[in-house]
Every structure is written in structure tokens, then in C-alpha cells.
Amino acid sequence: MTMTSQPTWSPVALSNVIDPSTSTGALVDGAELVVWRDSSGKAHVWEDRCPHRGMRMSFGFVRGDHLACLYHGWQYDTAGQCRHIPAHPQLEVPQTIRMQTFAAAERNGIIWAGATADADPTLLPAEIAGLVPVRSLYADCTAAKALKGLAATPLPISADAPTVEAITENYISLTAGPIRLLVAIQALGKEKIALHLMANEGAPVAALARYAQALRLTLETAPAEAA
Amino acid sequence: MAEVAFVFSGDLAQASFRGFALHRAQRLDLRIDFGAASDRFFDVTVVGDEALIDMFEMACSLGPYDCIIHDVTRRDIASASTN
């Protein structure tokens with residue numbers, strides 16, 4: 001499985017919502033992924049499927065620097081290599097039993113998944129200092145419609161449409177007065193997206209969260225041609 | 001290393017079962033040799049770690065979605081202790 005139809009790097013979660021030693025599921029253009037942190041806090045992104053019986057690894061448990069499948073407890077190290085099969089504790093697990101892995105990186109408060117295991121880190125968005133998380137939200141619309149809606153909707157404490165800067169094809173900056181809102185757009189599937197929002201320190205986070213909620217209603221109710 | 005011959009019998013889609021068995025063997029780092037096959041049975045021999053051969057048997061006894069395995073005959077050609 002590859003995510004070659006997607007940008008080189010796709011946002012999959014706000015960094016602050018995934019604690020060390022936990023895992024969660026994510027979608028990128030229909031591809032099911034597990035996003036997990038080992039006990040040291042390092043993030044990993046793999047195909048969400050145990051090679052053994054196909055169980056979702058996002059249902060699994062983190063054991064130190066291993067992710068263990070919920071079903072039969074097969075454990076995989078941070079490189080995706082199976083290291084332990086509880087039913088055969090003496091078995092030297094062959095190198096062929098391994099997860100499909102994708103590159104993972106954290107930048108600007110967001111966990112990004114590479115389209116391949118060796119995605120080029122120089123293609124990540126440039127670092128922006130002093131950001132705080134706002135929220136993630138999900139909307140039933142296309143990324144193009146979301147971009148138009150974001151560009152047309154005034155930010156809190158501003159009456160005018162924001163200044164829009166495209167940082168990458170799925171990452172934009174909206175500025176209005178003292179507020180700078182960074183929006184990473186995750187394509188989940190056909191007309192399904194997630195928006196991951198970060199803002200500059202001092203920005204009214206609660207108001208921005210309410211703005212995002214209202215924006216979602218607009219995106220999901222407005223006809224496509226009107227957005 | 002052990003070597004085991006299997007005959008999986010049931011309602012089989014030959015190409016589907018062959019692909020499934022090959023994929024599982026590769027995943028489990030087993031050498032696999034295909035023997036005779038029909039829509040009623042499939043004959044394969046695998047070589048590798050005994051525990052992994054057991055896993056192969058279990059996987060193939062479930063089979064791909066379009067095959068129904070009714071019976072599995074297993075014949076140990078060489079066991080780990082004799083190699």
C-alpha cells in the first residue's frame with residue numbers, strides 16, 4: 001500500500017492529542033493508518049493492519065517501544081519488524097513478518113505521515129515558532145471547498161476575510177489582525193476531510209474553536225457551487 | 001528446519017488458493033513447492049521453522065474468501081529434530 005495520490009506529507013493528528021504509549025487510527029485518502037507513540041514519545045505511522053490476521057493495530061497496546069496487536073499479541077518494534085509472538089516465545093521471528101511503515105514527522109504541532117517510508121523530510125512545511133493547538137474537526141466536503149470556505153470566512157474579532165497564504169498544497173496560513181491560524185487539511189476520502197488547526201500564542205483559542213465549528217456547518221450545508 | 005506436505009481439500013478456486021498460500025509462505029519465510037491441484041484439492045510442501053509451518057497450516061485451513069477447506073492432511077517429511 002502506498003499513498004502516492006496524496007501529497008508527500010499528510011497531516012494525521014494534532015501532536016497534543018496522542019499521548020506517549022497510545023495509538024489511534026487515521027485515514028488518508030481511504031488508506032487506514034495507525035498513528036502511535038512509543039514510550040519515549042516518538043510518533044510512528046503504519047498501515048493499520050496486523051500482518052498476522054488483519055486486526056487493526058490501532059486497537060493494540062504500546063509496550064515500551066513495541067506496538068502489540070490486540071488479537072494474538074504479536075509485537076512489532078519501531079521499525080515495524082515483528083519481535084515477539086506470545087504463542088511461540090522461543091521463535092526467532094523471520095524478517096518477513098513486518099508492518100508496512102510510513103515516514104512520520106512532527107512539525108508545527110502536527111503529526112505528518114509520509115506517502116512512503118522514505119518520504120523526503122525537506123518537503124515538510126517550514127517550522128513556525130510559537131504555535132498553540134486549537135482543535136481538529138471533521139467535515140463532509142472536499143478540500144477545495146474547505147479552502148474556499150476558509151478564505152471567505154472572517155476570523156474572530158475581524159469583519160474582513162483573512163489574508164491567505166498557501167504554505168503547501170494541504171497547509172495554509174490565515175491572518176487577520178493579531179490572529180494567525182494555521183490549517184492543515186487531511187483528505188480522508190471522497191468528500192471527507194479533517195482540518196487540524198494551530199494558532200499563534202495569544203490568539204483567542206476558544207473563539208477560534210467556535211469559529212471552526214461554525215465553519216464546518218457552513219461547509220456541510222452550503223451548496224458546492226456557492227462555496 | 002522441518003518439511004511438511006499438506007493436502008488441503010474442499011471447494012477450491014485454484015488460482016486464488018495458490019496466491020493465498022504463496023503469500024502466507026512468503027510472509028512466514030517458508031519455502032513452498034506446489035504439487036498437484038484441482039477444484040477439490042491442493043497439494044503443497046513447505047520447508048521452514050516448525051512453528052511457522054503450523055501457522056501456515058492454520059492460515060490455509062481458513063483459506064481465502066472464495067475457498068472452503070473441508071479437510072487438511074498433513075505428512076511430516078522431515079521434522080526439526082531429524083535435521
# chains A, B, ... in the order shown; residues from 1 in each chain; ligands from 1
$ closest_atom_pairs --of "chain B" --to "chain A" --cutoff "7 Å" --atoms "only C-alpha atoms" --output "tab-separated table"
residue	atom	partner	partner_atom	distance
B:Arg27	CA	A:Thr96	CA	5.2
B:Leu28	CA	A:Thr96	CA	6.4
B:Asp29	CA	A:Thr96	CA	6.0
$ write_last_selection --atoms "C-alpha atoms" --output "PDB file, in the first residue's frame"
ATOM      1  CA  ARG B  27       5.214 -13.860   4.952  1.00  0.00           C
ATOM      2  CA  LEU B  28       6.295 -16.762   7.178  1.00  0.00           C
ATOM      3  CA  ASP B  29       9.644 -17.186   5.444  1.00  0.00           C
TER       4      ASP B  29
END
$ select_by_dssp --residues "chain B" --states "helix (DSSP H, G or I)" --output "PyMOL selection string"
chain B and resi 14-27+50-62+80-82
$ write_last_selection --atoms "N, CA and C atoms" --output "PDB file, in the first residue's frame"
ATOM      1  N   GLN B  14      -8.579 -22.538  -7.615  1.00  0.00           N
ATOM      2  CA  GLN B  14      -7.157 -22.894  -7.627  1.00  0.00           C
ATOM      3  C   GLN B  14      -6.228 -21.691  -7.589  1.00  0.00           C
ATOM      4  N   ALA B  15      -6.479 -20.732  -8.500  1.00  0.00           N
ATOM      5  CA  ALA B  15      -5.569 -19.576  -8.585  1.00  0.00           C
ATOM      6  C   ALA B  15      -5.602 -18.776  -7.283  1.00  0.00           C
ATOM      7  N   SER B  16      -6.784 -18.646  -6.742  1.00  0.00           N
ATOM      8  CA  SER B  16      -6.935 -17.878  -5.501  1.00  0.00           C
ATOM      9  C   SER B  16      -6.202 -18.564  -4.349  1.00  0.00           C
ATOM     10  N   PHE B  17      -6.393 -19.868  -4.241  1.00  0.00           N
ATOM     11  CA  PHE B  17      -5.751 -20.584  -3.140  1.00  0.00           C
ATOM     12  C   PHE B  17      -4.233 -20.577  -3.301  1.00  0.00           C
ATOM     13  N   ARG B  18      -3.778 -20.746  -4.539  1.00  0.00           N
ATOM     14  CA  ARG B  18      -2.331 -20.739  -4.778  1.00  0.00           C
ATOM     15  C   ARG B  18      -1.716 -19.391  -4.364  1.00  0.00           C
ATOM     16  N   GLY B  19      -2.365 -18.302  -4.772  1.00  0.00           N
ATOM     17  CA  GLY B  19      -1.870 -16.973  -4.404  1.00  0.00           C
ATOM     18  C   GLY B  19      -1.869 -16.763  -2.904  1.00  0.00           C
ATOM     19  N   PHE B  20      -2.923 -17.233  -2.261  1.00  0.00           N
ATOM     20  CA  PHE B  20      -3.043 -17.093  -0.807  1.00  0.00           C
ATOM     21  C   PHE B  20      -1.929 -17.869  -0.111  1.00  0.00           C
ATOM     22  N   ALA B  21      -1.732 -19.127  -0.536  1.00  0.00           N
ATOM     23  CA  ALA B  21      -0.708 -19.967   0.096  1.00  0.00           C
ATOM     24  C   ALA B  21       0.690 -19.392  -0.131  1.00  0.00           C
ATOM     25  N   LEU B  22       0.925 -18.898  -1.340  1.00  0.00           N
ATOM     26  CA  LEU B  22       2.235 -18.311  -1.647  1.00  0.00           C
ATOM     27  C   LEU B  22       2.490 -17.078  -0.782  1.00  0.00           C
ATOM     28  N   HIS B  23       1.479 -16.237  -0.661  1.00  0.00           N
ATOM     29  CA  HIS B  23       1.624 -15.026   0.152  1.00  0.00           C
ATOM     30  C   HIS B  23       1.926 -15.377   1.605  1.00  0.00           C
ATOM     31  N   ARG B  24       1.175 -16.346   2.139  1.00  0.00           N
ATOM     32  CA  ARG B  24       1.401 -16.718   3.539  1.00  0.00           C
ATOM     33  C   ARG B  24       2.784 -17.342   3.726  1.00  0.00           C
ATOM     34  N   ALA B  25       3.194 -18.177   2.767  1.00  0.00           N
ATOM     35  CA  ALA B  25       4.515 -18.804   2.874  1.00  0.00           C
ATOM     36  C   ALA B  25       5.621 -17.745   2.856  1.00  0.00           C
ATOM     37  N   GLN B  26       5.466 -16.764   1.958  1.00  0.00           N
ATOM     38  CA  GLN B  26       6.477 -15.704   1.895  1.00  0.00           C
ATOM     39  C   GLN B  26       6.486 -14.898   3.183  1.00  0.00           C
ATOM     40  N   ARG B  27       5.308 -14.624   3.704  1.00  0.00           N
ATOM     41  CA  ARG B  27       5.214 -13.860   4.952  1.00  0.00           C
ATOM     42  C   ARG B  27       5.900 -14.613   6.091  1.00  0.00           C
ATOM     43  N   GLU B  50       9.240 -25.098  12.350  1.00  0.00           N
ATOM     44  CA  GLU B  50       8.030 -25.877  12.623  1.00  0.00           C
ATOM     45  C   GLU B  50       6.858 -25.004  13.092  1.00  0.00           C
ATOM     46  N   ALA B  51       7.162 -24.054  13.958  1.00  0.00           N
ATOM     47  CA  ALA B  51       6.092 -23.179  14.469  1.00  0.00           C
ATOM     48  C   ALA B  51       5.476 -22.380  13.330  1.00  0.00           C
ATOM     49  N   LEU B  52       6.321 -21.950  12.400  1.00  0.00           N
ATOM     50  CA  LEU B  52       5.814 -21.159  11.274  1.00  0.00           C
ATOM     51  C   LEU B  52       5.027 -22.032  10.308  1.00  0.00           C
ATOM     52  N   ILE B  53       5.419 -23.298  10.186  1.00  0.00           N
ATOM     53  CA  ILE B  53       4.638 -24.230   9.355  1.00  0.00           C
ATOM     54  C   ILE B  53       3.257 -24.448   9.978  1.00  0.00           C
ATOM     55  N   ASP B  54       3.211 -24.524  11.305  1.00  0.00           N
ATOM     56  CA  ASP B  54       1.907 -24.642  11.976  1.00  0.00           C
ATOM     57  C   ASP B  54       1.030 -23.434  11.668  1.00  0.00           C
ATOM     58  N   MET B  55       1.644 -22.257  11.653  1.00  0.00           N
ATOM     59  CA  MET B  55       0.880 -21.044  11.338  1.00  0.00           C
ATOM     60  C   MET B  55       0.379 -21.098   9.894  1.00  0.00           C
ATOM     61  N   PHE B  56       1.229 -21.599   9.001  1.00  0.00           N
ATOM     62  CA  PHE B  56       0.835 -21.731   7.597  1.00  0.00           C
ATOM     63  C   PHE B  56      -0.376 -22.660   7.477  1.00  0.00           C
ATOM     64  N   GLU B  57      -0.334 -23.770   8.190  1.00  0.00           N
ATOM     65  CA  GLU B  57      -1.452 -24.718   8.145  1.00  0.00           C
ATOM     66  C   GLU B  57      -2.742 -24.060   8.628  1.00  0.00           C
ATOM     67  N   MET B  58      -2.626 -23.329   9.733  1.00  0.00           N
ATOM     68  CA  MET B  58      -3.816 -22.673  10.274  1.00  0.00           C
ATOM     69  C   MET B  58      -4.383 -21.662   9.286  1.00  0.00           C
ATOM     70  N   ALA B  59      -3.479 -20.849   8.699  1.00  0.00           N
ATOM     71  CA  ALA B  59      -3.944 -19.829   7.752  1.00  0.00           C
ATOM     72  C   ALA B  59      -4.620 -20.473   6.552  1.00  0.00           C
ATOM     73  N   CYS B  60      -3.986 -21.507   6.000  1.00  0.00           N
ATOM     74  CA  CYS B  60      -4.528 -22.134   4.789  1.00  0.00           C
ATOM     75  C   CYS B  60      -5.780 -22.952   5.094  1.00  0.00           C
ATOM     76  N   SER B  61      -5.932 -23.415   6.321  1.00  0.00           N
ATOM     77  CA  SER B  61      -7.151 -24.151   6.660  1.00  0.00           C
ATOM     78  C   SER B  61      -8.351 -23.210   6.689  1.00  0.00           C
ATOM     79  N   LEU B  62      -8.092 -21.926   6.869  1.00  0.00           N
ATOM     80  CA  LEU B  62      -9.159 -20.926   6.736  1.00  0.00           C
ATOM     81  C   LEU B  62      -9.304 -20.517   5.273  1.00  0.00           C
ATOM     82  N   ALA B  80      12.067 -31.119  12.697  1.00  0.00           N
ATOM     83  CA  ALA B  80      13.205 -30.302  13.132  1.00  0.00           C
ATOM     84  C   ALA B  80      14.260 -31.150  13.811  1.00  0.00           C
ATOM     85  N   SER B  81      13.826 -32.169  14.547  1.00  0.00           N
ATOM     86  CA  SER B  81      14.767 -32.964  15.321  1.00  0.00           C
ATOM     87  C   SER B  81      15.617 -33.880  14.448  1.00  0.00           C
ATOM     88  N   THR B  82      15.170 -34.181  13.226  1.00  0.00           N
ATOM     89  CA  THR B  82      15.932 -35.072  12.370  1.00  0.00           C
ATOM     90  C   THR B  82      16.850 -34.310  11.423  1.00  0.00           C
TER      91      THR B  82
END
$ closest_residue --among "A:Ile128, A:Val183, A:Cys141, A:Leu27" --to "Asn108 in chain A" --atoms "only C-alpha atoms"
A:Ile128
$ residues_around --residues "range 39-45 of chain A" --least-positions-apart "3" --cutoff "9 Å" --atoms "only C-alpha atoms" --output "count of residues only"
28
$ residues_around --residues "His70 in chain B" --least-positions-apart "3" --cutoff "8 Å" --atoms "only C-alpha atoms" --output "mmCIF file with C-alpha atoms, in the first residue's frame"
data_model
loop_
_atom_site.group_PDB
_atom_site.id
_atom_site.type_symbol
_atom_site.label_atom_id
_atom_site.label_comp_id
_atom_site.auth_asym_id
_atom_site.auth_seq_id
_atom_site.Cartn_x
_atom_site.Cartn_y
_atom_site.Cartn_z
ATOM 1 C CA PHE B 8 -5.980 -29.128 1.533
ATOM 2 C CA SER B 9 -9.288 -30.420 0.231
ATOM 3 C CA GLY B 10 -12.636 -28.735 -0.178
ATOM 4 C CA ASP B 11 -14.211 -26.295 -2.636
#
